[in-house]
Structures are given as C-alpha cells and as structure tokens.
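Structure file run12.txt with compact mmCIF, C-alpha atoms:
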# COMPACT_ATOMS: atom_id res chain seq x y z
CA MET A 26 -2.68 5.99 3.92
CA LEU A 27 -4.78 8.96 2.87
CA TYR A 28 -7.43 9.87 5.44
CA CYS A 29 -10.40 11.97 4.28
CA LYS A 30 -13.23 13.48 6.28
CA ARG A 31 -16.23 15.54 5.27
CA ILE A 32 -16.49 18.51 7.59
CA ASP A 33 -19.04 21.17 8.44
CA ASP A 34 -16.98 24.32 8.28
CA SER A 35 -19.88 26.71 7.78
CA HIS A 36 -18.91 28.52 11.00
CA ASP A 37 -15.36 29.68 11.72
CA ARG A 38 -14.16 28.02 8.53
CA ARG A 39 -10.37 28.19 8.89
CA ALA A 40 -10.37 27.16 12.56
CA VAL A 41 -12.64 24.17 11.87
CA GLN A 42 -10.58 23.09 8.86
CA HIS A 43 -7.32 23.33 10.83
CA SER A 44 -8.76 21.47 13.80
CA GLU A 45 -10.15 18.67 11.61
CA GLY A 46 -6.84 18.31 9.77
CA ILE A 47 -4.92 17.99 13.05
CA SER A 48 -7.49 15.52 14.35
CA LEU A 49 -7.03 13.39 11.22
CA LEU A 50 -3.25 13.46 11.75
CA ILE A 51 -3.52 12.42 15.40
CA ASN A 52 -5.86 9.55 14.52
CA ALA A 53 -3.79 8.49 11.49
CA VAL A 54 -0.53 8.32 13.46
CA ARG A 55 -2.27 6.28 16.16
CA SER A 56 -3.87 3.96 13.61
CA GLU A 57 -0.83 3.52 11.33
CA TYR A 58 1.99 3.53 13.90
CA GLY A 59 0.35 2.93 17.30
CA ILE A 60 1.76 6.24 18.57
CA MET A 61 -0.22 8.79 20.55
CA ILE A 62 0.60 12.39 19.61
CA THR A 63 -0.99 15.74 20.32
CA GLU A 64 -0.93 19.01 18.42
CA SER A 65 1.93 20.18 20.65
CA ASP A 66 4.13 17.40 19.20
CA ILE A 67 4.06 19.13 15.80
CA SER A 68 6.89 21.50 14.87
CA TYR A 69 7.23 23.67 11.80
CA GLY A 70 10.22 24.18 9.52
CA LYS A 71 11.43 27.66 8.61
CA LEU A 72 9.07 27.75 5.62
CA GLY A 73 6.14 26.34 7.58
CA LYS A 74 6.28 22.64 6.71
CA PRO A 75 4.97 20.65 9.70
CA TYR A 76 6.85 17.65 11.04
CA LEU A 77 7.11 15.44 14.11
CA PRO A 78 10.62 15.94 15.58
CA GLU A 79 10.25 12.93 17.90
CA TYR A 80 9.35 10.70 14.93
CA PRO A 81 11.57 11.70 11.99
CA ARG A 82 10.56 8.65 9.94
CA ILE A 83 6.87 9.56 9.98
CA PHE A 84 6.01 11.97 7.18
CA PHE A 85 2.65 13.65 6.73
CA SER A 86 0.81 16.36 4.91
CA ILE A 87 -2.53 17.95 5.70
CA ALA A 88 -4.87 19.78 3.35
CA HIS A 89 -8.33 21.19 3.68
CA CYS A 90 -10.84 23.06 1.65
CA SER A 91 -14.47 23.97 2.10
CA GLY A 92 -16.21 20.82 3.34
CA LEU A 93 -13.22 18.45 3.38
CA ALA A 94 -10.09 17.73 5.40
CA VAL A 95 -7.42 15.23 4.32
CA CYS A 96 -4.24 13.88 5.88
CA LEU A 97 -1.60 11.75 4.19
CA VAL A 98 0.76 9.77 6.43
CA SER A 99 3.68 7.80 5.07
CA ASP A 100 7.17 6.56 5.72
CA LYS A 101 8.15 8.60 2.63
CA VAL A 102 8.36 12.35 2.07
CA CYS A 103 4.89 13.34 0.90
CA GLY A 104 2.48 16.13 0.11
CA VAL A 105 -1.27 16.31 -0.43
CA ASP A 106 -3.75 18.86 -1.67
CA ALA A 107 -7.52 18.79 -1.97
CA GLU A 108 -9.84 21.19 -3.75
CA ALA A 109 -13.49 21.24 -4.61
CA LEU A 110 -13.82 21.22 -8.38
CA ARG A 111 -12.89 24.76 -9.45
CA LYS A 112 -13.58 26.81 -12.54
CA VAL A 113 -10.54 27.54 -14.67
CA SER A 114 -8.85 30.71 -13.43
CA ALA A 115 -6.99 32.45 -16.25
CA GLY A 116 -4.89 34.39 -13.72
CA SER A 117 -3.78 31.24 -11.92
CA VAL A 118 -3.01 29.53 -15.22
CA LYS A 119 -0.80 32.45 -16.33
CA ARG A 120 0.96 32.61 -12.92
CA VAL A 121 1.90 28.97 -12.27
CA PHE A 122 1.12 26.80 -15.29
CA SER A 123 3.50 26.04 -18.15
CA GLN A 124 2.54 26.73 -21.75
CA ALA A 125 2.01 22.99 -22.28
CA GLU A 126 -0.31 22.82 -19.24
CA GLU A 127 -2.20 25.88 -20.46
CA LYS A 128 -2.59 24.21 -23.87
CA LEU A 129 -3.74 20.97 -22.19
CA ILE A 130 -6.57 22.90 -20.55
CA SER A 131 -7.52 25.08 -23.52
CA SER A 132 -7.52 22.21 -26.02
CA ALA A 133 -9.65 19.94 -23.83
CA PRO A 134 -13.39 19.69 -24.37
CA GLU A 135 -15.20 22.41 -22.42
CA SER A 136 -16.73 19.78 -20.12
CA ASP A 137 -13.24 18.58 -19.02
CA ARG A 138 -11.45 21.90 -18.51
CA ASP A 139 -12.40 22.48 -14.87
CA ILE A 140 -11.40 18.93 -13.91
CA ILE A 141 -8.05 19.26 -15.68
CA PHE A 142 -7.43 22.69 -14.14
CA THR A 143 -8.25 21.48 -10.62
CA THR A 144 -6.17 18.33 -11.10
CA LEU A 145 -3.12 20.29 -12.29
CA TRP A 146 -3.54 22.80 -9.45
CA THR A 147 -3.73 20.10 -6.77
CA LEU A 148 -0.76 18.23 -8.27
CA LYS A 149 1.32 21.39 -8.15
CA GLU A 150 0.28 22.14 -4.59
CA ALA A 151 0.94 18.54 -3.45
CA TYR A 152 4.40 18.83 -5.02
CA SER A 153 5.07 22.13 -3.26
CA LYS A 154 4.06 20.64 0.09
CA ALA A 155 6.27 17.59 -0.37
CA ASP A 156 9.11 19.85 -1.50
CA GLY A 157 8.69 21.93 1.67
CA ARG A 158 8.90 25.33 0.02
CA GLY A 159 5.17 25.83 -0.22
CA LEU A 160 3.52 27.88 -2.92
CA ALA A 161 6.87 29.24 -4.13
CA ALA A 162 7.57 25.84 -5.72
CA MET A 163 4.22 25.45 -7.51
CA GLY A 164 5.44 26.62 -10.91
CA GLU A 165 8.50 24.35 -10.89
CA ALA A 166 6.82 21.00 -11.52
CA HIS A 167 5.05 20.46 -14.81
CA PHE A 168 2.43 17.86 -15.57
CA SER A 169 0.53 16.26 -18.38
CA LEU A 170 -2.29 13.76 -18.20
CA ASN A 171 -2.83 10.67 -20.29
CA GLY A 172 -6.11 9.18 -19.12
CA ASP A 173 -5.50 8.23 -15.48
CA ASN A 174 -1.71 8.46 -15.89
CA ILE A 175 0.04 11.50 -14.45
CA ILE A 176 3.23 12.45 -16.25
CA SER A 177 5.65 14.76 -14.44
CA ASP A 178 9.05 16.26 -15.14
CA THR A 179 10.09 15.46 -11.55
CA ALA A 180 11.50 12.27 -10.05
CA LEU A 181 8.55 12.11 -7.66
CA TYR A 182 5.41 9.96 -7.79
CA PHE A 183 1.89 11.33 -8.09
CA ARG A 184 -1.63 10.01 -7.76
CA ARG A 185 -5.04 11.63 -7.77
CA PHE A 186 -8.38 10.68 -6.32
CA PHE A 187 -11.86 11.95 -7.10
CA LEU A 188 -14.29 12.10 -4.18
CA ASP A 189 -17.78 13.54 -4.62
CA GLY A 190 -16.84 16.79 -6.36
CA TYR A 191 -13.32 17.02 -4.89
CA VAL A 192 -9.95 16.38 -6.48
CA ILE A 193 -7.26 15.08 -4.12
CA SER A 194 -3.67 14.79 -5.35
CA VAL A 195 -0.75 13.21 -3.56
CA CYS A 196 2.98 13.37 -4.13
CA CYS A 197 5.53 10.95 -2.65
CA SER A 198 9.29 10.71 -2.89
CA GLU A 199 9.01 7.03 -3.78
CA ASN A 200 6.39 4.91 -5.48
CA THR A 201 4.14 3.64 -2.73
CA ASP A 202 0.67 2.18 -2.50
CA ILE A 203 -1.64 4.89 -1.23
CA ARG A 204 -5.05 3.82 -0.03
CA LEU A 205 -7.97 6.14 0.60
CA LYS A 206 -9.76 5.86 3.93
CA ILE A 207 -12.88 7.90 4.54
CA VAL A 208 -13.53 8.57 8.22

Give the structure from the file, written as structure tokens.
Amino acid sequence: MLYCKRIDDSHDRRAVQHSEGISLLINAVRSEYGIMITESDISYGKLGKPYLPEYPRIFFSIAHCSGLAVCLVSDKVCGVDAEALRKVSAGSVKRVFSQAEEKLISSAPESDRDIIFTTLWTLKEAYSKADGRGLAAMGEAHFSLNGDNIISDTALYFRRFFLDGYVISVCCSENTDIRLKIV
C-alpha cells in the first residue's frame, strides 16, 4: 500500500518532512500488519537504507518533497520517490540519464518534457532506494515509456502515480498490486 499525505512544510521543511514520513510509516505498519512501532524501532543499513530489524519481512520506503510525504509498505523489497513536477534539468539529464532517456525527453512535445523528466527521475530514485545503494545507483537503471507502460532494463517492477502536480514512482522486487491511499 502506498500512503500519501499533503503536508505543510513551510516552516522547518526537512524536519517536518521527516516527521511526516515516519508518522506515515508508523500508521501504515499498524494498519497493514497490526503492529505498533515507534521511530526507535527503525535501523539503518551501512548506506542509510532504513529497515525494521524486528520485522524482516516488512519492507518500506519513505519519500518526501515540498508539500508531500509518501510511504510504501510491502512484503516485497521496494522503493518509492515523489517529486513535484520539475522543469527539465540539463545537468541532471547529463549526469544520470542514458542517451535513449535523453532522446525520449528531447524528442517529446515541449508540453510533455517536464512530466517525462520528472517521471524518469522518480523511477531512477525509486530503483536506487529499493536497491539500497541510494543515489549511487540512479544511473544504472534505464527506462522508456510507452503510454502508461514503464519499460525497464531491470528485473524489477515499476509503477507511477500522478497526484495533483506530483509524480510518485514505486519499484518492487516482484509484481504486486499497489494501491494509493491518501491520508
């Protein structure tokens, strides 16, 4: 289940975003598994990937951006990213996008370029979170889009959601039904 919450992070942005992400996780684990956890139950791997050592079969990923926090919980390895629709950044494209991805953006109608850029960015970040290596892995997965279909050169499964000016992408180790729940 993918939990999403609009947040007011106009003051102390990072702290509010972190707190709301953790709150979503605590509520999601209670709702999905009937288990009460606190922030102190979360541990972090050597590269910073959070996990619940007492519950090794519960996987989760948290993302936040200005105005939105999301948390994906699953019984599969997973990753999530959320971004407000962003303008194409030539520097980011050169750093982490393949030539085919760059061409996908540049050959799209001008009105679609920002959506495609933000979608590809969130897919790459969701992949890197599921992978556990963080941003270092972003350039390793390559994507193309065919309508609503996401095509990847990985053996993982991807899905994206659009929510009022935000793009949310999820990555799972196995094909699973992911539902969106707005809280």

Skip segment 88-101 of chain A itself and residues of its chain fewer than 6 positions away, then list as a PyMOL selection string all residues within 9 Å of it, counting only C-alpha atoms.
chain A and resi 26-35+38-39+42-43+45-47+49-50+53-54+57+82+107-109+191+193+195+197-199+201+203

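Minimum atom-to-atom distances from A:Ala40, A:Ala166, A:Ile51, A:Val105 to Asp66 of chain A were compared using only C-alpha atoms, and the lowest value belongs to A:Ile51.
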
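For the choices A:Leu145, A:Ala155, A:Leu170, A:Leu188, the atom-to-atom distance to Tyr76 of chain A is smallest for A:Ala155 when using all atoms listed in the file.
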
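Pairwise distance (atom CA of His36 of chain A, atom CA of Val113 of chain A) equals 27.0 Å.
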
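Of the listed residues A:Glu127, A:Glu79, A:Asp137, A:Asp178, the one whose atoms come nearest to Arg111 of chain A is A:Asp137, with distances taken using all atoms listed in the file.
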
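Of the residues listed (A:Ala115, A:Val102, A:Val121, A:Ile175), A:Val102 shows the shortest atom-to-atom separation from Gly157 of chain A; distances use all atoms listed in the file.
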
Between A:Asp202, A:Asp37, A:Glu150, A:Glu135, which is the closest to Gly104 of chain A once you count all atoms listed in the file?
A:Glu150

From the structure block, carefully write segment 112-123 of chain A out with all heavy atoms; format it as a PDB file, in the first residue's frame.
ATOM      1  N   LYS A 112      10.976  21.140 -13.795  1.00  0.00           N
ATOM      2  CA  LYS A 112      11.483  21.518 -15.111  1.00  0.00           C
ATOM      3  C   LYS A 112      12.660  20.619 -15.450  1.00  0.00           C
ATOM      4  O   LYS A 112      13.402  20.186 -14.568  1.00  0.00           O
ATOM      5  CB  LYS A 112      11.959  22.979 -15.116  1.00  0.00           C
ATOM      6  CG  LYS A 112      10.851  23.981 -14.932  1.00  0.00           C
ATOM      7  CD  LYS A 112      10.144  24.190 -16.245  1.00  0.00           C
ATOM      8  CE  LYS A 112       9.096  25.278 -16.126  1.00  0.00           C
ATOM      9  NZ  LYS A 112       8.105  25.155 -17.164  1.00  0.00           N
ATOM     10  N   VAL A 113      12.834  20.339 -16.722  1.00  0.00           N
ATOM     11  CA  VAL A 113      13.961  19.543 -17.180  1.00  0.00           C
ATOM     12  C   VAL A 113      15.253  20.231 -16.753  1.00  0.00           C
ATOM     13  O   VAL A 113      15.424  21.435 -16.950  1.00  0.00           O
ATOM     14  CB  VAL A 113      13.936  19.372 -18.716  1.00  0.00           C
ATOM     15  CG1 VAL A 113      15.190  18.659 -19.195  1.00  0.00           C
ATOM     16  CG2 VAL A 113      12.694  18.631 -19.162  1.00  0.00           C
ATOM     17  N   SER A 114      16.133  19.474 -16.137  1.00  0.00           N
ATOM     18  CA  SER A 114      17.448  19.961 -15.731  1.00  0.00           C
ATOM     19  C   SER A 114      18.493  19.301 -16.620  1.00  0.00           C
ATOM     20  O   SER A 114      18.728  18.093 -16.517  1.00  0.00           O
ATOM     21  CB  SER A 114      17.704  19.608 -14.260  1.00  0.00           C
ATOM     22  OG  SER A 114      19.078  19.723 -13.958  1.00  0.00           O
ATOM     23  N   ALA A 115      19.106  20.096 -17.488  1.00  0.00           N
ATOM     24  CA  ALA A 115      20.098  19.552 -18.423  1.00  0.00           C
ATOM     25  C   ALA A 115      21.251  18.889 -17.670  1.00  0.00           C
ATOM     26  O   ALA A 115      21.749  17.841 -18.086  1.00  0.00           O
ATOM     27  CB  ALA A 115      20.611  20.654 -19.342  1.00  0.00           C
ATOM     28  N   GLY A 116      21.660  19.474 -16.551  1.00  0.00           N
ATOM     29  CA  GLY A 116      22.752  18.890 -15.763  1.00  0.00           C
ATOM     30  C   GLY A 116      22.399  17.525 -15.216  1.00  0.00           C
ATOM     31  O   GLY A 116      23.201  16.588 -15.273  1.00  0.00           O
ATOM     32  N   SER A 117      21.182  17.388 -14.690  1.00  0.00           N
ATOM     33  CA  SER A 117      20.737  16.098 -14.163  1.00  0.00           C
ATOM     34  C   SER A 117      20.620  15.070 -15.287  1.00  0.00           C
ATOM     35  O   SER A 117      20.979  13.909 -15.107  1.00  0.00           O
ATOM     36  CB  SER A 117      19.386  16.234 -13.461  1.00  0.00           C
ATOM     37  OG  SER A 117      19.507  17.044 -12.313  1.00  0.00           O
ATOM     38  N   VAL A 118      20.126  15.496 -16.428  1.00  0.00           N
ATOM     39  CA  VAL A 118      19.986  14.585 -17.562  1.00  0.00           C
ATOM     40  C   VAL A 118      21.367  14.061 -17.960  1.00  0.00           C
ATOM     41  O   VAL A 118      21.549  12.852 -18.138  1.00  0.00           O
ATOM     42  CB  VAL A 118      19.282  15.283 -18.751  1.00  0.00           C
ATOM     43  CG1 VAL A 118      19.366  14.434 -20.010  1.00  0.00           C
ATOM     44  CG2 VAL A 118      17.826  15.586 -18.411  1.00  0.00           C
ATOM     45  N   LYS A 119      22.338  14.939 -18.078  1.00  0.00           N
ATOM     46  CA  LYS A 119      23.697  14.519 -18.472  1.00  0.00           C
ATOM     47  C   LYS A 119      24.322  13.599 -17.433  1.00  0.00           C
ATOM     48  O   LYS A 119      25.061  12.683 -17.768  1.00  0.00           O
ATOM     49  CB  LYS A 119      24.600  15.743 -18.673  1.00  0.00           C
ATOM     50  CG  LYS A 119      24.215  16.582 -19.852  1.00  0.00           C
ATOM     51  CD  LYS A 119      24.581  15.905 -21.145  1.00  0.00           C
ATOM     52  CE  LYS A 119      24.269  16.806 -22.319  1.00  0.00           C
ATOM     53  NZ  LYS A 119      24.034  16.073 -23.532  1.00  0.00           N
ATOM     54  N   ARG A 120      24.047  13.835 -16.141  1.00  0.00           N
ATOM     55  CA  ARG A 120      24.665  13.062 -15.056  1.00  0.00           C
ATOM     56  C   ARG A 120      24.115  11.651 -14.919  1.00  0.00           C
ATOM     57  O   ARG A 120      24.885  10.721 -14.703  1.00  0.00           O
ATOM     58  CB  ARG A 120      24.488  13.803 -13.724  1.00  0.00           C
ATOM     59  CG  ARG A 120      25.730  14.397 -13.169  1.00  0.00           C
ATOM     60  CD  ARG A 120      25.611  14.968 -11.754  1.00  0.00           C
ATOM     61  NE  ARG A 120      24.296  15.172 -11.191  1.00  0.00           N
ATOM     62  CZ  ARG A 120      23.575  16.273 -11.315  1.00  0.00           C
ATOM     63  NH1 ARG A 120      24.000  17.285 -12.011  1.00  0.00           N
ATOM     64  NH2 ARG A 120      22.400  16.372 -10.739  1.00  0.00           N
ATOM     65  N   VAL A 121      22.792  11.475 -15.000  1.00  0.00           N
ATOM     66  CA  VAL A 121      22.219  10.168 -14.640  1.00  0.00           C
ATOM     67  C   VAL A 121      21.322   9.526 -15.694  1.00  0.00           C
ATOM     68  O   VAL A 121      20.896   8.397 -15.511  1.00  0.00           O
ATOM     69  CB  VAL A 121      21.450  10.224 -13.296  1.00  0.00           C
ATOM     70  CG1 VAL A 121      22.354  10.609 -12.159  1.00  0.00           C
ATOM     71  CG2 VAL A 121      20.258  11.158 -13.380  1.00  0.00           C
ATOM     72  N   PHE A 122      21.065  10.204 -16.791  1.00  0.00           N
ATOM     73  CA  PHE A 122      20.168   9.648 -17.793  1.00  0.00           C
ATOM     74  C   PHE A 122      20.978   9.048 -18.935  1.00  0.00           C
ATOM     75  O   PHE A 122      22.041   9.553 -19.298  1.00  0.00           O
ATOM     76  CB  PHE A 122      19.232  10.722 -18.348  1.00  0.00           C
ATOM     77  CG  PHE A 122      18.143  11.145 -17.396  1.00  0.00           C
ATOM     78  CD1 PHE A 122      18.380  11.372 -16.056  1.00  0.00           C
ATOM     79  CD2 PHE A 122      16.851  11.323 -17.853  1.00  0.00           C
ATOM     80  CE1 PHE A 122      17.378  11.760 -15.190  1.00  0.00           C
ATOM     81  CE2 PHE A 122      15.830  11.716 -16.993  1.00  0.00           C
ATOM     82  CZ  PHE A 122      16.090  11.931 -15.663  1.00  0.00           C
ATOM     83  N   SER A 123      20.458   7.976 -19.521  1.00  0.00           N
ATOM     84  CA  SER A 123      21.096   7.367 -20.686  1.00  0.00           C
ATOM     85  C   SER A 123      20.833   8.235 -21.913  1.00  0.00           C
ATOM     86  O   SER A 123      19.971   9.120 -21.898  1.00  0.00           O
ATOM     87  CB  SER A 123      20.538   5.959 -20.907  1.00  0.00           C
ATOM     88  OG  SER A 123      19.188   6.037 -21.356  1.00  0.00           O
TER      89      SER A 123
END
